[in-house]
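Asker: Pasting run_13.pdb here (PDB, C-alpha atoms):
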```pdb
ATOM      1  CA  MET A  28     -14.532  15.281  23.345
ATOM      2  CA  ALA A  29     -11.839  12.822  24.405
ATOM      3  CA  GLU A  30      -9.451  13.943  27.133
ATOM      4  CA  THR A  31      -6.210  15.234  25.632
ATOM      5  CA  GLN A  32      -2.926  13.461  26.339
ATOM      6  CA  PRO A  33       0.483  15.114  25.765
ATOM      7  CA  VAL A  34       1.007  12.895  22.745
ATOM      8  CA  ILE A  35       2.416  13.662  19.311
ATOM      9  CA  PHE A  36       1.453  10.828  16.982
ATOM     10  CA  ILE A  37       3.522  10.428  13.788
ATOM     11  CA  THR A  38       2.846   7.856  11.073
ATOM     12  CA  GLY A  39       3.866   7.252   7.491
ATOM     13  CA  GLY A  40       4.785   4.543   5.032
ATOM     14  CA  VAL A  41       8.130   2.739   5.055
ATOM     15  CA  ARG A  42      11.080   5.074   4.412
ATOM     16  CA  SER A  43       8.858   8.133   4.622
ATOM     17  CA  GLY A  44      11.245   9.828   7.044
ATOM     18  CA  LYS A  45       8.879   9.505  10.007
ATOM     19  CA  SER A  46      11.538   8.225  12.444
ATOM     20  CA  SER A  47      13.970  11.081  11.873
ATOM     21  CA  ILE A  48      11.177  13.644  12.067
ATOM     22  CA  ALA A  49      10.067  12.061  15.348
ATOM     23  CA  GLU A  50      13.627  12.091  16.741
ATOM     24  CA  GLN A  51      14.120  15.749  15.809
ATOM     25  CA  THR A  52      10.749  16.619  17.306
ATOM     26  CA  ALA A  53      11.486  14.851  20.594
ATOM     27  CA  ALA A  54      14.931  16.467  20.780
ATOM     28  CA  ARG A  55      13.480  19.933  20.134
ATOM     29  CA  ILE A  56      10.844  19.475  22.854
ATOM     30  CA  TRP A  57      13.463  18.223  25.306
ATOM     31  CA  ARG A  58      15.782  21.186  24.598
ATOM     32  CA  LYS A  59      12.960  23.665  25.018
ATOM     33  CA  LYS A  60      11.901  22.081  28.294
ATOM     34  CA  GLN A  61      15.465  22.378  29.686
ATOM     35  CA  THR A  62      14.696  20.016  32.548
ATOM     36  CA  GLY A  63      13.947  16.315  32.400
ATOM     37  CA  LYS A  64      15.482  13.493  30.415
ATOM     38  CA  LEU A  65      15.250  12.312  26.836
ATOM     39  CA  HIS A  66      14.162   8.691  26.522
ATOM     40  CA  TYR A  67      13.960   6.309  23.616
ATOM     41  CA  ILE A  68      11.838   3.154  23.761
ATOM     42  CA  ALA A  69      12.858   0.581  21.189
ATOM     43  CA  THR A  70      10.327  -2.212  20.649
ATOM     44  CA  MET A  71      12.110  -4.194  17.937
ATOM     45  CA  GLN A  72      13.164  -7.710  18.831
ATOM     46  CA  VAL A  73      16.236  -8.535  16.818
ATOM     47  CA  SER A  74      15.848 -11.879  15.108
ATOM     48  CA  ASP A  75      18.084 -11.754  12.048
ATOM     49  CA  GLY A  76      21.188 -10.100  10.612
ATOM     50  CA  GLU A  77      19.449  -7.464   8.527
ATOM     51  CA  LEU A  78      17.410  -6.282  11.493
ATOM     52  CA  LYS A  79      20.536  -6.275  13.662
ATOM     53  CA  GLU A  80      22.171  -3.979  11.164
ATOM     54  CA  ARG A  81      19.179  -1.614  11.062
ATOM     55  CA  VAL A  82      19.042  -1.428  14.825
ATOM     56  CA  ALA A  83      22.818  -0.762  14.898
ATOM     57  CA  ILE A  84      22.392   2.121  12.427
ATOM     58  CA  HIS A  85      19.635   3.645  14.554
ATOM     59  CA  LYS A  86      21.814   3.314  17.683
ATOM     60  CA  ARG A  87      24.793   4.890  15.934
ATOM     61  CA  ASP A  88      22.672   7.777  14.681
ATOM     62  CA  ARG A  89      21.408   8.495  18.165
ATOM     63  CA  LEU A  90      24.986   8.388  19.483
ATOM     64  CA  LEU A  91      26.183  10.751  16.732
ATOM     65  CA  SER A  92      23.352  13.137  17.473
ATOM     66  CA  LYS A  93      25.229  13.994  20.700
ATOM     67  CA  LEU A  94      21.924  13.989  22.515
ATOM     68  CA  PRO A  95      21.727  12.166  25.836
ATOM     69  CA  TRP A  96      19.237   9.532  24.678
ATOM     70  CA  GLN A  97      18.458   7.007  27.338
ATOM     71  CA  THR A  98      17.504   3.876  25.428
ATOM     72  CA  TRP A  99      15.132   1.227  26.724
ATOM     73  CA  GLU A 100      14.550  -2.016  24.915
ATOM     74  CA  GLN A 101      11.063  -3.162  25.770
ATOM     75  CA  PRO A 102       9.185  -5.410  23.323
ATOM     76  CA  VAL A 103       5.984  -5.931  25.388
ATOM     77  CA  SER A 104       4.076  -4.580  28.415
ATOM     78  CA  LEU A 105       5.335  -1.014  28.065
ATOM     79  CA  GLY A 106       3.188   0.124  30.980
ATOM     80  CA  ARG A 107       5.767  -1.374  33.315
ATOM     81  CA  MET A 108       8.223   1.286  32.208
ATOM     82  CA  ALA A 109       6.048   4.221  33.210
ATOM     83  CA  CYS A 110       7.564   4.360  36.712
ATOM     84  CA  ARG A 111      11.008   5.015  35.200
ATOM     85  CA  PHE A 112       9.878   8.307  33.716
ATOM     86  CA  HIS A 113       9.361  11.688  35.351
ATOM     87  CA  PRO A 114       6.850  14.432  34.648
ATOM     88  CA  ASP A 115       9.553  16.560  32.968
ATOM     89  CA  ASP A 116      10.760  13.802  30.624
ATOM     90  CA  THR A 117      10.321  13.549  26.877
ATOM     91  CA  VAL A 118       9.772  10.004  25.636
ATOM     92  CA  LEU A 119      10.006   8.710  22.087
ATOM     93  CA  LEU A 120       8.472   5.359  21.133
ATOM     94  CA  ASP A 121       9.591   3.773  17.845
ATOM     95  CA  CYS A 122       7.453   2.072  16.929
ATOM     96  CA  LEU A 123       3.898   1.197  17.866
ATOM     97  CA  THR A 124       3.433  -1.328  15.040
ATOM     98  CA  THR A 125       6.253  -3.523  16.331
ATOM     99  CA  TRP A 126       4.925  -3.300  19.869
ATOM    100  CA  VAL A 127       1.416  -4.398  18.798
ATOM    101  CA  ASN A 128       2.994  -7.111  16.679
ATOM    102  CA  ASN A 129       4.947  -8.396  19.718
ATOM    103  CA  GLU A 130       1.862  -8.349  21.929
ATOM    104  CA  LEU A 131      -0.164 -10.266  19.367
ATOM    105  CA  PHE A 132       2.667 -12.747  18.878
ATOM    106  CA  TYR A 133       3.130 -13.271  22.633
ATOM    107  CA  ASN A 134      -0.548 -13.640  23.356
ATOM    108  CA  GLY A 135      -1.411 -15.383  20.100
ATOM    109  CA  ASN A 136      -4.997 -16.424  19.793
ATOM    110  CA  ARG A 137      -5.419 -16.924  23.513
ATOM    111  CA  VAL A 138      -6.413 -13.365  24.210
ATOM    112  CA  ASP A 139      -9.590 -11.688  23.099
ATOM    113  CA  GLU A 140      -8.911  -8.778  20.767
ATOM    114  CA  GLU A 141     -10.854  -6.252  22.836
ATOM    115  CA  ILE A 142      -9.008  -7.254  26.009
ATOM    116  CA  LEU A 143      -5.668  -6.940  24.250
ATOM    117  CA  LEU A 144      -6.658  -3.514  22.902
ATOM    118  CA  LYS A 145      -7.646  -2.391  26.391
ATOM    119  CA  GLN A 146      -4.389  -3.675  27.855
ATOM    120  CA  ILE A 147      -2.224  -1.944  25.230
ATOM    121  CA  TRP A 148      -4.216   1.269  25.639
ATOM    122  CA  GLU A 149      -3.701   1.178  29.413
ATOM    123  CA  ASP A 150       0.044   0.638  28.950
ATOM    124  CA  PHE A 151       0.148   3.487  26.449
ATOM    125  CA  SER A 152      -1.815   5.826  28.719
ATOM    126  CA  ALA A 153       0.328   4.968  31.749
ATOM    127  CA  ILE A 154       3.308   6.517  29.949
ATOM    128  CA  ALA A 155       1.391   9.305  28.184
ATOM    129  CA  ASN A 156      -0.205  10.560  31.405
ATOM    130  CA  ARG A 157       3.054  10.571  33.326
ATOM    131  CA  VAL A 158       5.507  12.422  31.095
ATOM    132  CA  HIS A 159       5.968  15.917  29.654
ATOM    133  CA  LYS A 160       5.637  14.717  26.062
ATOM    134  CA  PHE A 161       5.208  11.297  24.457
ATOM    135  CA  VAL A 162       6.209  11.168  20.793
ATOM    136  CA  VAL A 163       4.910   8.016  19.127
ATOM    137  CA  VAL A 164       5.883   6.600  15.741
ATOM    138  CA  SER A 165       3.684   4.169  13.834
ATOM    139  CA  ASN A 166       3.152   2.798  10.333
ATOM    140  CA  GLU A 167       0.553   3.105   7.609
ATOM    141  CA  VAL A 168      -0.439  -0.460   6.788
ATOM    142  CA  PHE A 169      -4.078  -0.037   5.782
ATOM    143  CA  TYR A 170      -4.022   0.650   2.067
ATOM    144  CA  GLU A 171      -3.928  -2.726   0.367
ATOM    145  CA  PRO A 172      -6.186  -5.773   0.206
ATOM    146  CA  LEU A 173      -5.874  -7.584   3.523
ATOM    147  CA  GLY A 174      -6.636 -10.985   2.026
ATOM    148  CA  ASP A 175      -8.258 -13.684   4.097
ATOM    149  CA  ARG A 176      -5.478 -14.464   6.569
ATOM    150  CA  GLU A 177      -7.177 -14.127   9.932
ATOM    151  CA  LEU A 178      -4.032 -13.067  11.809
ATOM    152  CA  VAL A 179      -3.337 -10.221   9.364
ATOM    153  CA  ILE A 180      -6.924  -9.008   9.627
ATOM    154  CA  ARG A 181      -6.805  -9.221  13.426
ATOM    155  CA  TYR A 182      -3.542  -7.317  13.513
ATOM    156  CA  CYS A 183      -4.804  -4.546  11.231
ATOM    157  CA  ARG A 184      -8.109  -4.231  13.062
ATOM    158  CA  LEU A 185      -6.323  -3.997  16.424
ATOM    159  CA  LEU A 186      -3.783  -1.475  15.140
ATOM    160  CA  GLY A 187      -6.473   0.561  13.371
ATOM    161  CA  LYS A 188      -8.604   0.800  16.508
ATOM    162  CA  LEU A 189      -5.550   1.735  18.550
ATOM    163  CA  HIS A 190      -4.542   4.448  16.068
ATOM    164  CA  GLN A 191      -8.078   5.871  16.203
ATOM    165  CA  LYS A 192      -7.986   5.942  20.002
ATOM    166  CA  ILE A 193      -4.536   7.523  20.132
ATOM    167  CA  VAL A 194      -5.425  10.198  17.551
ATOM    168  CA  ALA A 195      -8.682  10.998  19.388
ATOM    169  CA  HIS A 196      -6.664  11.790  22.548
ATOM    170  CA  ALA A 197      -3.441  13.153  21.007
ATOM    171  CA  GLU A 198      -2.719  16.865  21.016
ATOM    172  CA  GLN A 199      -1.157  16.519  17.585
ATOM    173  CA  ALA A 200      -1.298  13.886  14.819
ATOM    174  CA  VAL A 201       0.946  13.961  11.775
ATOM    175  CA  LEU A 202       1.122  11.897   8.601
ATOM    176  CA  VAL A 203       4.558  11.950   6.948
ATOM    177  CA  GLU A 204       4.514  11.730   3.151
ATOM    178  CA  ALA A 205       7.917  11.516   1.453
ATOM    179  CA  GLY A 206       9.582  13.359   4.316
ATOM    180  CA  VAL A 207       6.926  16.093   4.386
ATOM    181  CA  PRO A 208       4.741  16.274   7.502
ATOM    182  CA  VAL A 209       1.007  16.641   6.815
ATOM    183  CA  PHE A 210      -0.783  17.981   9.880
ATOM    184  CA  MET A 211      -3.997  16.034  10.406
ATOM    185  CA  LYS A 212      -4.822  17.170  13.932
ATOM    186  CA  GLY A 213      -3.571  19.976  16.171
ATOM    187  CA  GLY A 214      -0.977  22.641  15.344
ATOM    188  CA  LYS A 215       0.548  23.089  11.896
ATOM    189  CA  GLY A 216       4.171  22.786  12.925
ATOM    190  CA  LEU A 217       6.479  20.525  14.910
TER     191      LEU A 217
ATOM    192  CA  MET B   5     -23.440  12.953  -3.196
ATOM    193  CA  HIS B   6     -20.618  12.562  -0.733
ATOM    194  CA  PHE B   7     -17.697  10.164  -1.182
ATOM    195  CA  VAL B   8     -15.711   9.080   1.878
ATOM    196  CA  THR B   9     -12.536   7.066   1.506
ATOM    197  CA  GLY B  10      -9.396   6.130   3.462
ATOM    198  CA  GLY B  11      -7.549   3.042   4.639
ATOM    199  CA  ALA B  12      -9.090   0.002   6.319
ATOM    200  CA  PHE B  13      -9.978   0.311  10.029
ATOM    201  CA  ASN B  14      -9.645   4.088   9.971
ATOM    202  CA  GLY B  15     -13.138   4.813  11.308
ATOM    203  CA  LYS B  16     -14.782   5.870   8.023
ATOM    204  CA  THR B  17     -18.240   4.477   8.786
ATOM    205  CA  ALA B  18     -18.206   5.842  12.337
ATOM    206  CA  TRP B  19     -17.227   9.276  11.023
ATOM    207  CA  VAL B  20     -20.104   9.261   8.515
ATOM    208  CA  LYS B  21     -22.587   8.131  11.173
ATOM    209  CA  THR B  22     -21.549  10.928  13.527
ATOM    210  CA  TYR B  23     -21.270  13.589  10.856
ATOM    211  CA  TYR B  24     -24.790  12.988   9.488
ATOM    212  CA  ASP B  25     -26.285  11.789  12.774
ATOM    213  CA  LEU B  26     -27.474   8.594  11.110
ATOM    214  CA  SER B  27     -29.879   6.143  12.693
ATOM    215  CA  GLU B  28     -31.965   3.172  11.615
ATOM    216  CA  GLN B  29     -34.869   5.562  11.226
ATOM    217  CA  ASN B  30     -33.280   8.039   8.845
ATOM    218  CA  CYS B  31     -30.799   5.868   6.964
ATOM    219  CA  ARG B  32     -30.800   2.938   4.553
ATOM    220  CA  LEU B  33     -27.406   1.219   4.796
ATOM    221  CA  ILE B  34     -26.169  -1.183   2.145
ATOM    222  CA  SER B  35     -22.857  -2.705   3.189
ATOM    223  CA  GLY B  36     -20.416  -4.785   1.207
ATOM    224  CA  TYR B  37     -18.683  -5.710   4.470
ATOM    225  CA  ARG B  38     -21.920  -7.328   5.716
ATOM    226  CA  GLU B  39     -22.258  -8.959   2.295
ATOM    227  CA  ASP B  40     -25.612  -7.277   1.726
ATOM    228  CA  PRO B  41     -26.966  -7.884  -1.773
ATOM    229  CA  PHE B  42     -26.771  -4.776  -3.950
ATOM    230  CA  PRO B  43     -30.365  -3.767  -4.668
ATOM    231  CA  ARG B  44     -31.472  -2.403  -8.042
ATOM    232  CA  PRO B  45     -33.283  -0.128  -8.214
ATOM    233  CA  LEU B  46     -31.771   1.534  -5.153
ATOM    234  CA  PRO B  47     -34.136   2.197  -2.228
ATOM    235  CA  GLY B  48     -35.189   5.822  -1.868
ATOM    236  CA  ASP B  49     -37.459   5.481   1.153
ATOM    237  CA  LYS B  50     -35.259   7.173   3.778
ATOM    238  CA  PRO B  51     -33.517  10.576   3.882
ATOM    239  CA  PHE B  52     -30.049   9.015   3.723
ATOM    240  CA  LEU B  53     -28.754   6.214   1.526
ATOM    241  CA  VAL B  54     -25.288   4.873   2.453
ATOM    242  CA  LEU B  55     -23.421   2.566   0.090
ATOM    243  CA  ASN B  56     -20.633   1.144   2.239
ATOM    244  CA  GLY B  57     -17.628  -0.913   1.107
ATOM    245  CA  ILE B  58     -18.045  -0.328  -2.603
ATOM    246  CA  GLU B  59     -14.684  -2.017  -3.273
ATOM    247  CA  GLN B  60     -16.283  -5.226  -1.965
ATOM    248  CA  TYR B  61     -19.017  -4.996  -4.601
ATOM    249  CA  VAL B  62     -16.384  -4.338  -7.250
ATOM    250  CA  TYR B  63     -14.638  -7.536  -6.151
ATOM    251  CA  ARG B  64     -17.882  -9.492  -6.345
ATOM    252  CA  TRP B  65     -18.878  -8.130  -9.753
ATOM    253  CA  LEU B  66     -15.465  -8.988 -11.185
ATOM    254  CA  HIS B  67     -16.403 -12.650 -10.666
ATOM    255  CA  ASP B  68     -19.014 -12.433 -13.388
ATOM    256  CA  THR B  69     -17.658  -9.848 -15.748
ATOM    257  CA  ASP B  70     -14.601  -7.847 -16.816
ATOM    258  CA  GLU B  71     -13.269  -4.590 -15.441
ATOM    259  CA  LYS B  72     -14.733  -2.466 -18.229
ATOM    260  CA  SER B  73     -18.257  -3.739 -17.603
ATOM    261  CA  VAL B  74     -17.885  -3.270 -13.857
ATOM    262  CA  ARG B  75     -16.920   0.335 -14.414
ATOM    263  CA  LYS B  76     -19.891   0.853 -16.746
ATOM    264  CA  LYS B  77     -22.211  -0.758 -14.204
ATOM    265  CA  TRP B  78     -20.888   1.531 -11.489
ATOM    266  CA  GLN B  79     -21.354   4.600 -13.689
ATOM    267  CA  ASN B  80     -24.987   3.583 -14.154
ATOM    268  CA  ILE B  81     -25.369   3.258 -10.399
ATOM    269  CA  LEU B  82     -23.847   6.710  -9.895
ATOM    270  CA  GLU B  83     -26.380   8.106 -12.346
ATOM    271  CA  GLU B  84     -29.182   6.381 -10.495
ATOM    272  CA  CYS B  85     -27.904   7.879  -7.214
ATOM    273  CA  SER B  86     -27.829  11.313  -8.739
ATOM    274  CA  GLU B  87     -31.428  10.924 -10.013
ATOM    275  CA  LEU B  88     -32.545   9.689  -6.580
ATOM    276  CA  GLU B  89     -31.026  12.712  -4.885
ATOM    277  CA  LYS B  90     -32.848  15.049  -7.224
ATOM    278  CA  LYS B  91     -36.239  13.324  -7.243
ATOM    279  CA  GLN B  92     -36.524  12.060  -3.683
ATOM    280  CA  GLN B  93     -34.653  14.838  -1.884
ATOM    281  CA  LEU B  94     -32.324  12.365  -0.234
ATOM    282  CA  LYS B  95     -28.599  12.317   0.365
ATOM    283  CA  VAL B  96     -26.368   9.556  -0.988
ATOM    284  CA  ILE B  97     -23.107   8.786   0.844
ATOM    285  CA  ILE B  98     -20.620   6.385  -0.709
ATOM    286  CA  ILE B  99     -17.877   4.804   1.402
ATOM    287  CA  GLY B 100     -14.931   2.853   0.008
ATOM    288  CA  THR B 101     -11.704   1.481   1.489
ATOM    289  CA  ASP B 102      -8.592   2.512  -0.392
ATOM    290  CA  ILE B 103      -6.806  -0.729  -1.348
ATOM    291  CA  THR B 104      -4.543   0.798  -3.969
ATOM    292  CA  LYS B 105      -1.364   1.715  -2.127
ATOM    293  CA  GLY B 106       0.356  -1.600  -1.429
ATOM    294  CA  ILE B 107       2.865  -3.441  -3.589
ATOM    295  CA  VAL B 108       1.555  -4.900  -6.852
ATOM    296  CA  PRO B 109      -0.211  -8.168  -5.992
ATOM    297  CA  THR B 110       1.197 -11.281  -7.642
ATOM    298  CA  ASP B 111      -2.296 -12.693  -8.058
ATOM    299  CA  LYS B 112      -3.963 -11.577 -11.304
ATOM    300  CA  LYS B 113      -7.402 -11.336  -9.744
ATOM    301  CA  GLU B 114      -6.134  -9.153  -6.919
ATOM    302  CA  ARG B 115      -4.412  -6.913  -9.446
ATOM    303  CA  GLU B 116      -7.615  -6.528 -11.451
ATOM    304  CA  TRP B 117      -9.550  -5.790  -8.290
ATOM    305  CA  ARG B 118      -7.132  -3.040  -7.294
ATOM    306  CA  ASP B 119      -7.214  -1.513 -10.774
ATOM    307  CA  ALA B 120     -11.004  -1.626 -10.993
ATOM    308  CA  ALA B 121     -11.424  -0.206  -7.467
ATOM    309  CA  GLY B 122      -9.048   2.658  -8.250
ATOM    310  CA  ARG B 123     -10.958   3.602 -11.398
ATOM    311  CA  VAL B 124     -14.355   3.257  -9.726
ATOM    312  CA  PHE B 125     -13.127   5.572  -6.948
ATOM    313  CA  GLN B 126     -12.012   8.126  -9.534
ATOM    314  CA  ASP B 127     -15.416   8.036 -11.217
ATOM    315  CA  THR B 128     -17.114   8.394  -7.853
ATOM    316  CA  ALA B 129     -14.974  11.353  -6.763
ATOM    317  CA  THR B 130     -15.692  13.048 -10.100
ATOM    318  CA  VAL B 131     -19.476  13.048  -9.677
ATOM    319  CA  CYS B 132     -19.597  13.630  -5.911
ATOM    320  CA  ARG B 133     -19.777  17.253  -4.807
ATOM    321  CA  ARG B 134     -17.952  16.443  -1.626
ATOM    322  CA  VAL B 135     -15.020  14.077  -1.059
ATOM    323  CA  ASP B 136     -13.379  13.361   2.298
ATOM    324  CA  ILE B 137     -10.516  11.188   3.421
ATOM    325  CA  VAL B 138     -10.883   9.771   6.924
ATOM    326  CA  TRP B 139      -7.617   9.082   8.740
ATOM    327  CA  TYR B 140      -8.062   7.495  12.177
ATOM    328  CA  GLY B 141     -11.273   9.367  12.746
ATOM    329  CA  GLN B 142     -10.011  12.725  11.416
ATOM    330  CA  ASN B 143     -11.366  13.931   8.095
ATOM    331  CA  LYS B 144      -9.600  15.904   5.400
ATOM    332  CA  THR B 145     -11.920  17.431   2.821
ATOM    333  CA  LEU B 146     -10.487  17.086  -0.670
ATOM    334  CA  LYS B 147     -13.396  18.616  -2.520
ATOM    335  CA  ASN B 148     -16.482  20.542  -1.481
ATOM    336  CA  GLU B 149     -18.554  22.173  -4.179
ATOM    337  CA  PRO B 150     -21.638  24.209  -3.347
ATOM    338  CA  GLU B 151     -25.025  22.611  -4.016
ATOM    339  CA  GLU B 152     -26.647  23.472  -7.325
ATOM    340  CA  SER B 153     -29.285  26.156  -7.032
ATOM    341  CA  PHE B 154     -32.385  26.015  -9.165
TER     342      PHE B 154
END
```
Take the structure in the file and give it back as structure tokens.

Answerer:
Amino acid sequence: MAETQPVIFITGGVRSGKSSIAEQTAARIWRKKQTGKLHYIATMQVSDGELKERVAIHKRDRLLSKLPWQTWEQPVSLGRMACRFHPDDTVLLDCLTTWVNNELFYNGNRVDEEILLKQIWEDFSAIANRVHKFVVVSNEVFYEPLGDRELVIRYCRLLGKLHQKIVAHAEQAVLVEAGVPVFMKGGKGL
Amino acid sequence: MHFVTGGAFNGKTAWVKTYYDLSEQNCRLISGYREDPFPRPLPGDKPFLVLNGIEQYVYRWLHDTDEKSVRKKWQNILEECSELEKKQQLKVIIIGTDITKGIVPTDKKEREWRDAAGRVFQDTATVCRRVDIVWYGQNKTLKNEPEESF
């Protein structure tokens, strides 16, 4: 059996409601804990107007939630952030797909896939093993023909392996379908 | 027969290997991902027969014939599997990647492939006593009927 990390892994398709479920979950955990801070790691790099707007909406929602979210914008090398967190903190990462995308884009074809996977896993574990709870959002991107574009295949293979590793170690893994959480591993409630 | 499906890179093959404790000694693996030719008649010389990546074979067969014929061909193969299980006392495991949940492909061939794969999966799930979805290494059993007793 893989060693358990204090990770809640949440995936779903686009507009499945996974982000709001993850935010509510992180907030609930933080409130229950009563000590520690509530962190939000945003991985999106804003490159055009539509994305800017989406990021602005997310920021506004977090502000309106009246919760003391501490937001970090970190597109790559998330392991470097681990030292900013404390053992009582609750950390939300939204989302893993963008992070992996950034890493692949930064490193391009120069880096061997296995090395990149190892590096991302180490970064991930550095945070997971340091905090009270690490809530991680990701996407379902594995249900259509991948075609023959090498970069797409590489990306999906890397993300798939990473998801498998994370789920193997996570205390809970949840698939969100149309706003409804389906509990795939661990407890049947958030 | 046991049908295992799920998205790409979700650990389906690894799950099957662990679940049945498969090895080179006890298992005959025919894989569409390795581009293995699809043998007819199917080999019944080992206790386990695994047909992996059936959507890849569907894609290949659509080169030579239409969707209807591919489906018929697959139904014949399913019958052959069922016969093998009965006669040779072996277990057939069929693995296929679900490619049916993306947006409608613009390419006609891709569309046909998706349609044919979806129907072939339905036919497979119908005849298999057990059906599992594997999601990042975790299985969810969708169907599990008791073995027939004689």

Asker: To test your reading of the syntax: which residues would the ChimeraX specification (/B :<10) & /A return for the file shown? Reply as a compact mmCIF listing (two decimals) with C-alpha atoms, keeping the file's coordinate frame.

Answerer:
```txt
# COMPACT_ATOMS: atom_id res chain seq x y z
CA GLY A 40 4.78 4.54 5.03
CA GLU A 167 0.55 3.10 7.61
CA VAL A 168 -0.44 -0.46 6.79
CA PHE A 169 -4.08 -0.04 5.78
CA TYR A 170 -4.02 0.65 2.07
CA GLU A 171 -3.93 -2.73 0.37
CA PRO A 172 -6.19 -5.77 0.21
CA LEU A 173 -5.87 -7.58 3.52
CA GLY A 174 -6.64 -10.98 2.03
CA ILE A 180 -6.92 -9.01 9.63
CA CYS A 183 -4.80 -4.55 11.23
CA ARG A 184 -8.11 -4.23 13.06
CA LEU A 185 -6.32 -4.00 16.42
CA LEU A 186 -3.78 -1.48 15.14
CA GLY A 187 -6.47 0.56 13.37
CA LYS A 188 -8.60 0.80 16.51
CA LEU A 189 -5.55 1.74 18.55
CA HIS A 190 -4.54 4.45 16.07
CA GLN A 191 -8.08 5.87 16.20
CA LYS A 192 -7.99 5.94 20.00
CA ILE A 193 -4.54 7.52 20.13
CA VAL A 194 -5.42 10.20 17.55
CA ALA A 195 -8.68 11.00 19.39
CA ALA A 200 -1.30 13.89 14.82
CA LEU A 202 1.12 11.90 8.60
CA MET A 211 -4.00 16.03 10.41
CA LYS A 212 -4.82 17.17 13.93
```

Asker: What separation in Å, quoted to one decimal, exists between CA of Asn56 (chain B) and CA of Glu151 (chain B)?

Answerer: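 These atoms are spaced 22.8 Å apart.
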
Asker: Expand the PyMOL selection byres ((chain A and resi 54) around 12) into the explicit residue set it covers here, and present it as a PyMOL selection string.

Answerer: chain A and resi 47-53+55-61+63-67+89+92-96+116-119+160-162+217

Asker: Got a sec: who's within 12 Å of Ala129 (chain B), counting all atoms listed in the file, leaving out chain neighbours fewer than 5 positions off, as a PyMOL selection string?

Answerer: chain B and resi 5-9+79+82+97-100+122-124+134-137+145-149

Asker: One decimal, Å: what's the distance from CA of Gln60 (chain B) over to CA of Glu140 (chain A), could you say?

Answerer: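 Taking CA of Gln60 (chain B) and CA of Glu140 (chain A), their separation equals 24.2 Å.
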
Asker: So that I can check the surroundings of Asn129 (chain A), please list as a ChimeraX atom specification every protein, DNA and RNA residue that reaches within 12 Å of it, counting only C-alpha atoms and ignoring chain neighbours fewer than 3 positions away.

Answerer: /A:70-73,101-105,122-126,132-135,143,147,182

Asker: Spell out the residues picked by the PyMOL selection byres ((chain B and resi 46) around 9) here, as a list of chain:residue names.

Answerer: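 With the shown file as input, the PyMOL selection byres ((chain B and resi 46) around 9) matches B:Phe42, B:Pro43, B:Arg44, B:Pro45, B:Pro47, B:Gly48, B:Leu53, B:Ile81, B:Glu84, B:Cys85, B:Leu88.
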
Asker: For Thr31 (chain A), which residue among A:Val179, A:Ala69, A:Ala155, A:Val207 is the nearest when counting only C-alpha atoms?

Answerer: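 Result for the nearest residue to Thr31 (chain A): A:Ala155.
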
Asker: Just how far from CA of Glu204 (chain A) is CA of Leu90 (chain A), in Å to one decimal?

Answerer: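 Pair CA of Leu90 (chain A) / CA of Glu204 (chain A) returns 26.4 Å.
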
Asker: Quick one: residues within 9 Å of (-19.9, -1.7, 4.7) (file frame), counting all atoms listed in the file, please, as a PyMOL selection string.

Answerer: chain B and resi 17+33-40+54-58+60+99-100

Asker: Please return, as a list of chain:residue names, all polymer residues that have at least one atom within 8 Å of the point (-3.5, 22.3, 17.5); use all atoms listed in the file and the file's own coordinate frame.

Answerer: A:Glu198, A:Gln199, A:Lys212, A:Gly213, A:Gly214, A:Lys215

Asker: Which is closer to Lys77 (chain B) than all the others in B:Leu94, B:Leu26, B:Val20, B:Val62, using only C-alpha atoms?

Answerer: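 Comparing B:Leu94, B:Leu26, B:Val20, B:Val62 against Lys77 (chain B), the winner is B:Val62.
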
Asker: Could you check the closest approach to Ala121 (chain B) for each of B:Lys72, B:Pro41, B:Gln29, B:Phe52 and tell me which residue wins, using only C-alpha atoms?

Answerer: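 Among B:Lys72, B:Pro41, B:Gln29, B:Phe52, it is B:Lys72 that comes nearest to Ala121 (chain B).
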